[in-house]
Amino acid sequence: MASVNDPSEPAAPASSKRLAFAALHHKDFRAYFIGTALAMMADSIEHVISYWLLYEKFKSPVLAGFAVLSHWTPFLLFAVYFGALADRFDCRKVIQVAQIMYMGVSAAWAFLFYTDTIQLWHACVLLVIHGMAGVLWGPGSQLLIHDIVGAEHLQSAVRLNSTSRQLGILFGPAVGGGLMLYLSPPMGLVVNALIYLPLTIWLLTVPYTGHSRSGTAPVRRPLGWRDAFAVVREVSNNRPIITMVVLAGCVSFFVGTAFQATMPEFAHDLGAEKADFAYSALLAANAAGAVLGGFLLEGRGWLQPRVQTAMASAILWCIVIAGFAVSSSYYLSLLLLFLAGVLNLTFSSMGQTIVQLRSPAHLRGRLIGLFAMASMGLKAFSGLTVGVLGGLIGVHWSLAASAMVLLTITVALFAFAIPGQRQGEIG
């Protein structure tokens, strides 16, 4: 097996003809794409309904803060460990366990709200279980799509998988609001639990384990918390992987999705503070940009997975976010949020692809977990760099400053990646 530091580690095979929506030419990936979009929509619907009911019941800002922490902190603590589980076990079963956890949480919310017996500790436990399910799903999902499409179409699969998630996030609020309006919130949560079923049942019908294409059996080595440190040591000289993981972590730490949480203040300053279409458009613009950008990039077959392309997209993203922070025009802000969605999907999906392509099979799940820990787990701290600092100097200045610090770090990472590029290490 090739060393993790070996420059000859396989990248995506060159193809004389780039297919539009290449991964969708695989029948099983088409089914997984639809199932993932439905599951992510169900995840979003649950947030819409449960957060609303929790606010109505407890009116607790502390509980709202706990909901954010319980969503992102599990990625920080458990992503590498659950990546090791994906390396060790059949990924279909790992994903099914995560889906069952999601369904159980939705059903529990429905029962507790219907009977009006919910207590604060119930909410905290369910929020934690929901967060853990998201971490468990991630690495197994990436290994599964790699198994379905192979290295040649992995960039397309990762990008489309990210797009399907954004589709779910985009449509979840509207569907969730409709379920609450027409069925009542508890019944909406019951229906929501059923939306996870298509993906769960489909996984019973396919032969992919996440490991079959590599020709190696799942790794049966003992699992331990030292895995994160061991993985970092093993890839410490692999510039493409290290660059993408550090970039993902810095993006999450300095900016993350904190600008979404502070959107009411931005909307107020832009004259769209009322809960109408103008405010909803600001909230949806980022996800809409990711969805349309993903389909556009796939339809044209643009931007193959290269570190320098990912870094350039991240640099542009920093500039766009800083531009949004200082914008005083509603329509310019809307456009910048849309462009930010396109650029974020571009560099994040490309980074995910590079990490997977450069990882040896026996480490792939853990490296995917390491990437998830950086890209998701560190979002828990973006509330400090944008939100808390914003309380001192204003959210416009805190977001602009965070974006500029991130821009400086990203340029430095680009310089770090150049020697590896010259040696042929970067695809």
# chains A, B, ... in the order shown; residues from 1 in each chain; ligands from 1

$ residues_around --residues "segment 342-344 of chain A" --least-positions-apart "4" --cutoff "6 Å" --atoms "only C-alpha atoms" --output "list in words"
Gly289, Ala290, Gly293, Ser313, Trp317 and Ser348 of chain A

$ closest_atom_pairs --of "segment 284-332 of chain A" --to "segment 236-256 of chain A" --cutoff "10 Å" --atoms "only C-alpha atoms" --output "CSV"
residue,atom,partner,partner_atom,distance
A:Arg306,CA,A:Pro240,CA,8.9
A:Val307,CA,A:Pro240,CA,6.5
A:Gln308,CA,A:Pro240,CA,9.6
A:Ala310,CA,A:Met244,CA,8.4
A:Met311,CA,A:Leu247,CA,8.2
A:Ala314,CA,A:Leu247,CA,8.4
A:Trp317,CA,A:Val251,CA,9.9
A:Cys318,CA,A:Val251,CA,8.9
A:Ile321,CA,A:Val255,CA,8.9

$ write_last_selection --atoms "N, CA and C atoms" --output "PDB file, in the first residue's frame"
ATOM      1  N   ARG A 306      -8.486  20.500  -7.050  1.00  0.00           N
ATOM      2  CA  ARG A 306      -7.097  20.928  -6.934  1.00  0.00           C
ATOM      3  C   ARG A 306      -6.979  21.860  -5.730  1.00  0.00           C
ATOM      4  N   VAL A 307      -5.905  21.704  -4.976  1.00  0.00           N
ATOM      5  CA  VAL A 307      -5.730  22.507  -3.776  1.00  0.00           C
ATOM      6  C   VAL A 307      -5.709  23.995  -4.111  1.00  0.00           C
ATOM      7  N   GLN A 308      -4.989  24.379  -5.179  1.00  0.00           N
ATOM      8  CA  GLN A 308      -4.892  25.796  -5.502  1.00  0.00           C
ATOM      9  C   GLN A 308      -6.247  26.383  -5.871  1.00  0.00           C
ATOM     10  N   ALA A 310      -9.195  25.282  -4.671  1.00  0.00           N
ATOM     11  CA  ALA A 310      -9.921  25.386  -3.403  1.00  0.00           C
ATOM     12  C   ALA A 310      -9.472  26.611  -2.618  1.00  0.00           C
ATOM     13  N   MET A 311      -8.165  26.849  -2.590  1.00  0.00           N
ATOM     14  CA  MET A 311      -7.651  27.992  -1.837  1.00  0.00           C
ATOM     15  C   MET A 311      -8.095  29.315  -2.466  1.00  0.00           C
ATOM     16  N   ALA A 314     -11.612  29.929  -1.520  1.00  0.00           N
ATOM     17  CA  ALA A 314     -11.719  30.357  -0.124  1.00  0.00           C
ATOM     18  C   ALA A 314     -11.311  31.817   0.041  1.00  0.00           C
ATOM     19  N   TRP A 317     -14.118  33.855  -1.123  1.00  0.00           N
ATOM     20  CA  TRP A 317     -15.201  33.777  -0.136  1.00  0.00           C
ATOM     21  C   TRP A 317     -14.963  34.766   1.013  1.00  0.00           C
ATOM     22  N   CYS A 318     -13.728  34.838   1.490  1.00  0.00           N
ATOM     23  CA  CYS A 318     -13.398  35.795   2.558  1.00  0.00           C
ATOM     24  C   CYS A 318     -13.707  37.222   2.124  1.00  0.00           C
ATOM     25  N   ILE A 321     -17.541  37.704   2.001  1.00  0.00           N
ATOM     26  CA  ILE A 321     -18.117  37.819   3.347  1.00  0.00           C
ATOM     27  C   ILE A 321     -17.797  39.187   3.959  1.00  0.00           C
TER      28      ILE A 321
END

$ residues_around --residues "Gly210 of chain A" --least-positions-apart "2" --cutoff "12 Å" --atoms "only C-alpha atoms" --output "ChimeraX atom specification"
/A:83,85-95,139-150,203,206-208,212-219,361-362,364-365

$ residues_around --residues "Pro305 of chain A" --least-positions-apart "5" --cutoff "7 Å" --atoms "only C-alpha atoms" --output "JSON, numbers by chain"
{"A": [155, 350, 353, 354, 427]}
